[in-house]
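Just run13.tsv here, TSV, C-alpha atoms and all ligand atoms:
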```tsv
chain	number	residue	atom	x	y	z
A	1	MET	CA	12.68	-12.05	-9.85
A	2	GLU	CA	13.06	-12.45	-6.12
A	3	GLN	CA	13.10	-9.14	-4.23
A	4	ARG	CA	16.11	-8.65	-1.99
A	5	THR	CA	15.75	-7.26	1.54
A	6	LEU	CA	18.40	-5.17	3.30
A	7	THR	CA	18.07	-4.15	6.94
A	8	ASP	CA	20.89	-1.72	7.52
A	9	TYR	CA	21.98	1.54	5.88
A	10	THR	CA	25.58	0.32	5.76
A	11	GLN	CA	24.41	-2.25	3.19
A	12	LEU	CA	23.53	0.62	0.84
A	13	HIS	CA	27.19	0.92	0.08
A	14	ILE	CA	27.25	-2.63	-1.31
A	15	TRP	CA	24.09	-1.99	-3.29
A	16	LEU	CA	25.58	1.12	-4.91
A	17	GLN	CA	28.81	-0.71	-5.71
A	18	GLU	CA	27.06	-3.76	-7.14
A	19	ASN	CA	25.07	-1.55	-9.47
A	20	ALA	CA	28.05	0.65	-10.32
A	21	SER	CA	25.87	3.64	-9.41
A	22	LYS	CA	27.43	7.06	-9.79
A	23	THR	CA	24.36	9.31	-9.76
A	24	VAL	CA	21.25	8.41	-7.76
A	25	LEU	CA	17.84	10.04	-8.10
A	26	LEU	CA	16.54	10.17	-4.51
A	27	VAL	CA	12.73	10.38	-4.61
A	28	CYS	CA	11.73	11.29	-1.07
A	29	ASP	CA	9.00	12.89	1.03
A	30	ASP	CA	9.37	14.89	4.23
A	31	SER	CA	9.99	11.82	6.40
A	32	ILE	CA	13.64	11.91	5.27
A	33	ARG	CA	14.23	14.86	7.63
A	34	TYR	CA	14.02	12.49	10.61
A	35	MET	CA	16.32	9.84	9.17
A	36	ASP	CA	19.58	10.95	10.77
A	37	LEU	CA	21.53	7.77	10.10
A	38	PHE	CA	20.47	7.60	6.48
A	39	ASN	CA	21.35	11.27	5.92
A	40	GLN	CA	24.76	10.76	7.52
A	41	TYR	CA	25.28	7.82	5.23
A	42	LEU	CA	24.35	9.90	2.15
A	43	LYS	CA	26.81	12.64	3.18
A	44	ARG	CA	29.60	10.08	3.46
A	45	ALA	CA	28.68	8.62	0.05
A	46	GLU	CA	28.81	12.10	-1.49
A	47	LYS	CA	32.30	12.59	-0.09
A	48	THR	CA	33.44	9.52	-2.02
A	49	GLY	CA	32.20	11.05	-5.28
A	50	MET	CA	28.63	9.70	-5.39
A	51	LYS	CA	26.10	12.22	-6.74
A	52	ILE	CA	22.75	12.28	-4.91
A	53	ILE	CA	20.00	14.19	-6.72
A	54	PRO	CA	17.00	14.73	-4.42
A	55	PHE	CA	13.51	14.99	-5.90
A	56	LYS	CA	10.70	16.11	-3.59
A	57	ASP	CA	8.47	18.02	-5.99
A	58	PHE	CA	5.27	15.98	-5.56
A	59	GLN	CA	2.21	15.90	-3.28
A	60	PRO	CA	-0.01	13.18	-1.80
A	61	ASN	CA	-2.15	11.70	-4.61
A	62	PRO	CA	0.72	12.56	-6.97
A	63	GLN	CA	0.11	14.14	-10.36
A	64	TYR	CA	1.42	12.86	-13.70
A	65	GLU	CA	3.13	16.27	-14.12
A	66	SER	CA	5.21	15.60	-10.97
A	67	VAL	CA	6.41	12.36	-12.53
A	68	LEU	CA	7.40	14.28	-15.69
A	69	ARG	CA	9.46	16.73	-13.61
A	70	GLY	CA	11.18	13.79	-11.94
A	71	ILE	CA	11.99	12.19	-15.30
A	72	GLU	CA	13.32	15.49	-16.61
A	73	LEU	CA	15.66	15.69	-13.63
A	74	PHE	CA	16.64	12.00	-13.98
A	75	ARG	CA	17.64	12.60	-17.61
A	76	ARG	CA	19.26	16.01	-17.15
A	77	GLU	CA	21.48	14.78	-14.30
A	78	ARG	CA	22.18	11.49	-16.10
A	79	CYS	CA	21.03	9.44	-13.12
A	80	ASP	CA	21.72	5.72	-13.29
A	81	SER	CA	19.65	4.47	-10.35
A	82	ILE	CA	16.66	5.37	-8.16
A	83	ILE	CA	16.16	5.25	-4.39
A	84	ALA	CA	12.62	5.92	-3.07
A	85	VAL	CA	12.18	6.98	0.55
A	86	GLY	CA	8.76	7.58	2.06
A	87	GLY	CA	5.14	6.47	2.13
A	88	GLY	CA	2.85	5.44	-0.72
A	89	SER	CA	3.09	8.66	-2.75
A	90	ALA	CA	6.91	8.69	-2.88
A	91	MET	CA	6.79	5.04	-3.98
A	92	ASP	CA	4.17	5.78	-6.68
A	93	VAL	CA	6.21	8.66	-8.11
A	94	ALA	CA	9.49	6.70	-8.06
A	95	LYS	CA	7.83	3.67	-9.68
A	96	CYS	CA	6.44	5.79	-12.54
A	97	ILE	CA	9.77	7.59	-13.05
A	98	LYS	CA	11.40	4.19	-13.39
A	99	ALA	CA	8.75	2.83	-15.76
A	100	TYR	CA	8.75	5.90	-18.03
A	101	ALA	CA	12.43	6.93	-17.87
A	102	ASN	CA	13.36	5.17	-21.12
A	103	MET	CA	10.21	6.08	-23.06
A	104	SER	CA	10.44	8.30	-26.10
A	105	GLY	CA	9.25	11.92	-26.17
A	106	ASN	CA	8.88	14.33	-23.26
A	107	GLY	CA	5.64	12.82	-21.98
A	108	GLU	CA	3.47	15.89	-22.54
A	109	ASN	CA	-0.33	15.50	-22.75
A	110	GLY	CA	-0.25	12.12	-21.03
A	111	GLU	CA	1.97	10.63	-23.75
A	112	TYR	CA	3.63	8.11	-21.40
A	113	LEU	CA	0.29	6.80	-20.20
A	114	LYS	CA	-0.45	5.65	-23.75
A	115	GLN	CA	2.88	3.93	-24.41
A	116	GLU	CA	3.43	0.31	-23.51
A	117	ILE	CA	5.73	-0.13	-20.52
A	118	VAL	CA	8.88	-1.95	-21.58
A	119	PRO	CA	10.61	-3.45	-18.51
A	120	ASN	CA	14.01	-1.92	-17.79
A	121	ALA	CA	16.86	-2.77	-15.43
A	122	ILE	CA	17.38	0.65	-13.80
A	123	PRO	CA	18.50	-0.25	-10.25
A	124	PHE	CA	15.59	0.66	-7.95
A	125	LEU	CA	15.71	0.48	-4.16
A	126	ALA	CA	12.79	1.35	-1.85
A	127	ILE	CA	12.93	2.42	1.79
A	128	PRO	CA	9.38	2.50	3.22
A	129	THR	CA	8.90	4.94	6.10
A	130	THR	CA	5.41	3.82	7.14
A	131	ALA	CA	4.19	0.33	8.01
A	132	GLY	CA	1.08	0.28	5.87
A	133	THR	CA	0.84	0.55	2.09
A	134	GLY	CA	3.23	-2.31	1.32
A	135	SER	CA	3.78	-0.42	-1.95
A	136	GLU	CA	7.46	-1.36	-1.87
A	137	ALA	CA	6.33	-4.96	-2.58
A	138	THR	CA	3.78	-4.38	-5.35
A	139	ARG	CA	3.61	-3.96	-9.12
A	140	TYR	CA	1.02	-1.17	-8.87
A	141	ALA	CA	1.25	2.61	-8.89
A	142	VAL	CA	-1.47	5.25	-8.81
A	143	ILE	CA	-1.08	8.76	-10.23
A	144	TYR	CA	-3.55	11.41	-11.36
A	145	PHE	CA	-3.81	12.89	-14.83
A	146	ASP	CA	-6.39	15.59	-15.71
A	147	GLY	CA	-8.10	14.90	-12.37
A	148	LYS	CA	-8.51	11.21	-13.21
A	149	LYS	CA	-6.96	8.34	-11.34
A	150	GLN	CA	-4.55	6.25	-13.41
A	151	SER	CA	-3.75	2.74	-12.17
A	152	ILE	CA	-0.47	1.51	-13.57
A	153	THR	CA	0.51	-2.15	-13.35
A	154	SER	CA	3.81	-3.68	-14.42
A	155	ASP	CA	6.31	-6.07	-12.88
A	156	THR	CA	9.02	-3.51	-13.66
A	157	LEU	CA	7.50	-1.31	-10.92
A	158	ILE	CA	8.56	-3.75	-8.19
A	159	PRO	CA	11.77	-2.48	-6.59
A	160	GLN	CA	14.53	-5.10	-6.96
A	161	THR	CA	15.71	-4.26	-3.44
A	162	VAL	CA	14.00	-2.97	-0.28
A	163	LEU	CA	15.64	-1.62	2.83
A	164	MET	CA	13.53	-2.27	5.93
A	165	ASN	CA	14.76	-0.22	8.86
A	166	PRO	CA	12.29	0.14	11.76
A	167	ASP	CA	13.99	3.31	13.05
A	168	VAL	CA	11.99	5.26	10.46
A	169	LEU	CA	8.80	4.53	12.42
A	170	LYS	CA	9.99	6.13	15.66
A	171	THR	CA	8.70	9.60	14.74
A	172	LEU	CA	5.43	8.45	13.17
A	173	PRO	CA	2.47	10.40	14.68
A	174	MET	CA	-0.16	8.28	16.48
A	175	TYR	CA	-3.05	8.76	14.03
A	176	GLN	CA	-0.83	7.84	11.08
A	177	ARG	CA	0.55	4.93	13.11
A	178	LYS	CA	-2.95	3.53	13.69
A	179	SER	CA	-4.34	4.17	10.22
A	180	THR	CA	-1.36	2.71	8.32
A	181	MET	CA	-1.48	-0.38	10.54
A	182	MET	CA	-5.16	-0.79	9.64
A	183	ASP	CA	-4.30	-0.40	5.96
A	184	ALA	CA	-1.85	-3.30	6.27
A	185	LEU	CA	-4.40	-5.45	8.13
A	186	CYS	CA	-7.08	-4.70	5.52
A	187	HIS	CA	-4.68	-5.62	2.70
A	188	ALA	CA	-4.02	-8.98	4.35
A	189	VAL	CA	-7.72	-9.69	5.05
A	190	GLU	CA	-9.01	-8.56	1.64
A	191	SER	CA	-6.28	-10.45	-0.18
A	192	PHE	CA	-7.22	-13.59	1.79
A	193	TRP	CA	-10.84	-13.52	0.59
A	194	SER	CA	-10.07	-12.18	-2.92
A	195	VAL	CA	-11.23	-14.31	-5.86
A	196	ASN	CA	-7.64	-14.04	-7.12
A	197	SER	CA	-6.08	-15.62	-4.03
A	198	THR	CA	-3.59	-18.44	-4.46
A	199	GLU	CA	-1.99	-20.78	-1.96
A	200	GLU	CA	1.06	-18.50	-1.94
A	201	SER	CA	-0.93	-15.28	-1.43
A	202	ARG	CA	-3.01	-16.81	1.38
A	203	GLU	CA	0.20	-17.80	3.12
A	204	TYR	CA	1.37	-14.16	2.87
A	205	SER	CA	-2.02	-13.00	4.20
A	206	ARG	CA	-1.88	-15.41	7.13
A	207	GLU	CA	1.64	-14.35	8.02
A	208	ALA	CA	0.74	-10.64	7.73
A	209	ILE	CA	-2.42	-10.95	9.89
A	210	GLN	CA	-0.47	-12.83	12.56
A	211	GLY	CA	2.33	-10.26	12.35
A	212	VAL	CA	-0.01	-7.26	12.74
A	213	LEU	CA	-1.76	-8.81	15.74
A	214	ALA	CA	1.44	-10.00	17.41
A	215	HIS	CA	3.13	-6.61	17.15
A	216	MET	CA	0.17	-4.25	17.57
A	217	ASN	CA	0.86	-3.39	21.21
A	218	GLY	CA	4.59	-2.95	20.81
A	219	TYR	CA	4.12	-0.86	17.70
A	220	LEU	CA	1.49	1.38	19.32
A	221	ASN	CA	3.91	1.84	22.22
A	222	ASN	CA	6.71	2.60	19.76
A	223	THR	CA	9.04	-0.21	20.84
A	224	GLU	CA	11.85	-1.26	18.52
A	225	GLU	CA	10.58	-4.82	18.29
A	226	GLY	CA	7.00	-3.67	17.67
A	227	ASN	CA	8.09	-1.28	14.92
A	228	ALA	CA	10.26	-3.93	13.24
A	229	GLY	CA	7.44	-6.50	13.39
A	230	MET	CA	4.84	-4.12	11.99
A	231	LEU	CA	7.12	-2.95	9.16
A	232	MET	CA	7.60	-6.58	8.12
A	233	ALA	CA	3.88	-7.45	8.50
A	234	ALA	CA	2.89	-4.51	6.27
A	235	HIS	CA	5.49	-5.60	3.72
A	236	THR	CA	4.14	-9.16	3.74
A	237	ALA	CA	0.58	-7.83	3.30
A	238	GLY	CA	1.94	-5.92	0.29
A	239	LYS	CA	3.22	-9.20	-1.16
A	240	ALA	CA	-0.27	-10.67	-0.72
A	241	ILE	CA	-2.02	-7.85	-2.63
A	242	ASN	CA	0.70	-7.94	-5.24
A	243	VAL	CA	-0.82	-11.30	-6.21
A	244	THR	CA	-4.51	-10.62	-5.67
A	245	GLN	CA	-5.21	-6.85	-5.64
A	246	THR	CA	-7.66	-5.51	-3.05
A	247	THR	CA	-11.46	-6.02	-2.99
A	248	ALA	CA	-14.73	-4.29	-1.99
A	249	GLY	CA	-13.33	-2.75	1.21
A	250	HIS	CA	-10.82	-0.74	-0.76
A	251	ALA	CA	-13.28	-0.01	-3.58
A	252	MET	CA	-15.69	1.45	-1.01
A	253	CYS	CA	-13.13	3.31	1.09
A	254	TYR	CA	-11.63	5.71	-1.46
A	255	LYS	CA	-14.51	8.20	-1.43
A	256	LEU	CA	-14.56	8.21	2.40
A	257	THR	CA	-11.10	9.79	2.52
A	258	GLY	CA	-12.18	12.54	0.13
A	259	LEU	CA	-15.52	13.27	1.81
A	260	PHE	CA	-14.48	13.14	5.46
A	261	GLY	CA	-10.75	13.90	5.30
A	262	ILE	CA	-9.81	10.66	7.07
A	263	ALA	CA	-6.67	8.61	6.34
A	264	HIS	CA	-6.82	5.76	3.82
A	265	GLY	CA	-6.27	2.95	6.35
A	266	HIS	CA	-8.87	4.46	8.70
A	267	ALA	CA	-11.38	4.41	5.81
A	268	ALA	CA	-10.44	0.84	4.86
A	269	ILE	CA	-11.02	-0.61	8.34
A	270	LEU	CA	-14.34	1.28	8.62
A	271	CYS	CA	-15.46	-0.76	5.60
A	272	ASP	CA	-13.85	-4.14	6.30
A	273	ARG	CA	-15.13	-4.37	9.89
A	274	ILE	CA	-18.68	-4.27	8.44
A	275	LEU	CA	-17.98	-6.29	5.28
A	276	TYR	CA	-16.57	-9.31	7.14
A	277	PRO	CA	-19.70	-10.10	9.24
A	278	TRP	CA	-21.94	-9.23	6.28
A	279	MET	CA	-20.08	-11.73	4.10
A	280	ILE	CA	-20.52	-14.49	6.68
A	281	GLU	CA	-24.30	-14.01	6.38
A	282	ASN	CA	-24.27	-13.79	2.57
A	283	THR	CA	-22.14	-16.69	1.35
A	284	ASP	CA	-25.17	-17.74	-0.78
A	285	LYS	CA	-24.28	-14.91	-3.14
A	286	CYS	CA	-20.75	-16.25	-3.62
A	287	VAL	CA	-19.27	-15.53	-7.05
A	288	ASP	CA	-15.85	-17.06	-6.42
A	289	PRO	CA	-15.58	-19.92	-8.96
A	290	ARG	CA	-14.18	-22.12	-6.16
A	291	GLY	CA	-17.66	-22.11	-4.63
A	292	LYS	CA	-19.57	-21.33	-1.45
A	293	GLU	CA	-17.95	-24.02	0.70
A	294	TYR	CA	-14.54	-22.74	-0.25
A	295	LEU	CA	-15.58	-19.19	0.72
A	296	ILE	CA	-16.88	-20.38	4.10
A	297	ARG	CA	-13.55	-22.10	4.75
A	298	THR	CA	-11.73	-18.91	3.70
A	299	LEU	CA	-13.72	-16.74	6.12
A	300	ASP	CA	-12.89	-19.25	8.86
A	301	GLY	CA	-9.25	-19.23	7.77
A	302	ILE	CA	-9.02	-15.46	8.26
A	303	ALA	CA	-10.42	-15.89	11.77
A	304	ARG	CA	-7.93	-18.62	12.60
A	305	ALA	CA	-5.06	-16.40	11.45
A	306	MET	CA	-6.43	-13.92	14.01
A	307	GLY	CA	-6.34	-16.63	16.69
A	308	CYS	CA	-10.13	-17.14	16.69
A	309	VAL	CA	-12.09	-20.40	16.45
A	310	ASP	CA	-14.48	-19.42	13.64
A	311	ALA	CA	-15.49	-16.64	11.25
A	312	ARG	CA	-18.06	-15.04	13.59
A	313	THR	CA	-15.52	-14.70	16.38
A	314	GLY	CA	-13.00	-13.39	13.84
A	315	ALA	CA	-15.40	-10.70	12.61
A	316	LYS	CA	-16.07	-9.71	16.23
A	317	LYS	CA	-12.35	-9.45	16.85
A	318	LEU	CA	-11.86	-7.20	13.82
A	319	GLN	CA	-14.55	-4.87	15.18
A	320	GLU	CA	-12.93	-4.95	18.65
A	321	ILE	CA	-9.55	-4.02	17.18
A	322	PHE	CA	-11.17	-1.08	15.40
A	323	LEU	CA	-12.94	0.06	18.61
A	324	SER	CA	-9.76	-0.28	20.68
A	325	LEU	CA	-8.01	2.25	18.44
A	326	GLY	CA	-10.62	4.96	19.08
A	327	LEU	CA	-10.87	5.83	15.37
A	328	GLU	CA	-13.80	8.08	14.58
A	329	VAL	CA	-16.94	6.93	12.75
A	330	PRO	CA	-17.96	9.87	10.52
A	331	GLU	CA	-21.57	11.02	10.22
A	332	ALA	CA	-22.96	11.24	6.68
A	333	SER	CA	-25.90	13.19	5.23
A	334	ASP	CA	-28.47	11.59	2.87
A	335	GLU	CA	-26.75	13.35	0.02
A	336	GLN	CA	-23.39	11.94	1.02
A	337	PHE	CA	-24.77	8.39	1.22
A	338	CYS	CA	-25.94	8.74	-2.40
A	339	GLU	CA	-22.63	10.21	-3.47
A	340	LEU	CA	-20.76	7.33	-1.82
A	341	THR	CA	-22.94	4.64	-3.36
A	342	VAL	CA	-22.39	5.83	-6.93
A	343	SER	CA	-18.66	6.38	-6.30
A	344	VAL	CA	-17.81	2.68	-6.09
A	345	ASN	CA	-16.10	1.52	-9.25
A	346	PRO	CA	-17.77	-1.78	-10.33
A	347	VAL	CA	-14.54	-2.94	-12.00
A	348	ARG	CA	-12.79	-2.96	-8.63
A	349	LEU	CA	-15.58	-5.08	-7.11
A	350	LYS	CA	-14.71	-7.88	-9.52
A	351	ASN	CA	-12.12	-9.21	-7.07
A	352	HIS	CA	-14.70	-9.54	-4.30
A	353	PRO	CA	-16.04	-13.07	-3.69
A	354	ILE	CA	-19.64	-11.94	-3.07
A	355	ALA	CA	-21.74	-9.96	-5.56
A	356	LEU	CA	-22.57	-6.43	-4.44
A	357	ASP	CA	-25.33	-4.41	-6.12
A	358	GLU	CA	-26.02	-0.72	-5.64
A	359	ALA	CA	-28.78	-1.23	-3.03
A	360	THR	CA	-26.50	-3.48	-0.95
A	361	ILE	CA	-23.62	-1.01	-1.16
A	362	ASN	CA	-25.96	1.73	0.06
A	363	GLU	CA	-27.12	-0.43	3.00
A	364	LEU	CA	-23.52	-1.24	3.88
A	365	TYR	CA	-22.55	2.43	3.89
A	366	HIS	CA	-25.37	3.03	6.40
A	367	GLU	CA	-23.67	0.51	8.71
A	368	ILE	CA	-20.16	1.77	8.01
A	369	LEU	CA	-21.03	5.37	8.89
A	370	ARG	CA	-23.36	7.04	11.35
B	401	FE	FE	-4.65	0.27	1.08
```
Spell out the structure here as structure tokens.
Ligand SMILES: [Fe+2]
Amino acid sequence: MEQRTLTDYTQLHIWLQENASKTVLLVCDDSIRYMDLFNQYLKRAEKTGMKIIPFKDFQPNPQYESVLRGIELFRRERCDSIIAVGGGSAMDVAKCIKAYANMSGNGENGEYLKQEIVPNAIPFLAIPTTAGTGSEATRYAVIYFDGKKQSITSDTLIPQTVLMNPDVLKTLPMYQRKSTMMDALCHAVESFWSVNSTEESREYSREAIQGVLAHMNGYLNNTEEGNAGMLMAAHTAGKAINVTQTTAGHAMCYKLTGLFGIAHGHAAILCDRILYPWMIENTDKCVDPRGKEYLIRTLDGIARAMGCVDARTGAKKLQEIFLSLGLEVPEASDEQFCELTVSVNPVRLKNHPIALDEATINELYHEILR
């Protein structure tokens, strides 16, 4: 099913009418406070008899229990549609509410995690408020149950409609602005070299890389055009990872956020700026079934999308972009290097086109950090 894109809040009215929505579950994070136009629109909709049921009872790295509370509210209020507003966590929670809403039982003790997801047609609209995760374009969600990360994948998680309004980025703080932009760039780059890439996904990657680079200055200076361009580039990068998933950069970056308290996109670019040049030197260890020559062409292709002549220049440019943002390089202790090395989930490395053993991962971490 093709995802539909709206650009203006006034189009929400049509969306609600088309879906005959009477009661909407509004899954939102704090960013909604700054969305004056959207809030005005909701007030007007309520005056015409629409019921809006807000649900904000979740945290970053959302828990399964939060999803259960959302489903309870969805059922109790007899909601007939879902609107998600926010960053990655709001999207994850809304996606799981949608996927589990029609399941049997009350979901206690992780019950819904064990049931097969049966696709449903609950109208689901997403309004991303950061230009980074691209979650509004993907079939993945991540929640935590009993302290363990649960990766959920189903096509029914993809919102049928997205509303892309760049105004939401106006109040984004600078660190979040930079780190989410790097998340989007890393999605596009990793998807490009993923063993799962297809012609279609590489086209999304190319478009996203070009979009990030073209709009970086405007976006960092908070111009309307820059914000609009970056929002679209991050969305396109989301479409790319929807096909391929992410690779070693993401597998290696998760523990960095936990250990050093840095943002996800900051951690991802720390890894990818080192992985890219390392890969150029290690194409002999290629495990992509399409072969070494194909991988070499891919690494060149990424560089060309960045406006560079070859892979080496491209890798240099990625490092320069990172340096230009003034993002910190954390210092790790010997103990932390060991902790990081064993933290990398080998299953996630499967998408990477070059084999990585434990010793190599340890060496890479020594380059990634100080
Ligand atoms: Fe990411």
Show me the residues close to (-2.6, 7.8, -19.7) - anything with an atom within 12 Å, counting all atoms listed in the file - and format the list as a compact mmCIF listing (two decimals) with C-alpha atoms, in the coordinates of the input.
```
# COMPACT_ATOMS: atom_id res chain seq x y z
CA GLN A 63 0.11 14.14 -10.36
CA TYR A 64 1.42 12.86 -13.70
CA GLU A 65 3.13 16.27 -14.12
CA CYS A 96 6.44 5.79 -12.54
CA TYR A 100 8.75 5.90 -18.03
CA GLY A 107 5.64 12.82 -21.98
CA GLU A 108 3.47 15.89 -22.54
CA ASN A 109 -0.33 15.50 -22.75
CA GLY A 110 -0.25 12.12 -21.03
CA GLU A 111 1.97 10.63 -23.75
CA TYR A 112 3.63 8.11 -21.40
CA LEU A 113 0.29 6.80 -20.20
CA LYS A 114 -0.45 5.65 -23.75
CA GLN A 115 2.88 3.93 -24.41
CA GLU A 116 3.43 0.31 -23.51
CA ILE A 117 5.73 -0.13 -20.52
CA VAL A 142 -1.47 5.25 -8.81
CA ILE A 143 -1.08 8.76 -10.23
CA TYR A 144 -3.55 11.41 -11.36
CA PHE A 145 -3.81 12.89 -14.83
CA ASP A 146 -6.39 15.59 -15.71
CA GLY A 147 -8.10 14.90 -12.37
CA LYS A 148 -8.51 11.21 -13.21
CA LYS A 149 -6.96 8.34 -11.34
CA GLN A 150 -4.55 6.25 -13.41
CA SER A 151 -3.75 2.74 -12.17
CA ILE A 152 -0.47 1.51 -13.57
```
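Take CA of Thr153 (chain A) and CA of Thr138 (chain A): the distance between them is 8.9 Å.
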CA of Ala268 (chain A) to CA of Asp284 (chain A) measures 24.4 Å
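Closest approach to ligand FE 401 (chain B) among A:Ala131, A:Ala45, A:Cys186, A:Leu73 is made by A:Cys186 (distances from all atoms listed in the file).
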* To do: Rank nothing, just name the residue among A:Phe58, A:Phe260, A:Tyr219, A:Tyr175 nearest to Leu325 (chain A), using all atoms listed in the file.
  =>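 Using all atoms listed in the file, Leu325 (chain A) sits closest to A:Tyr175.
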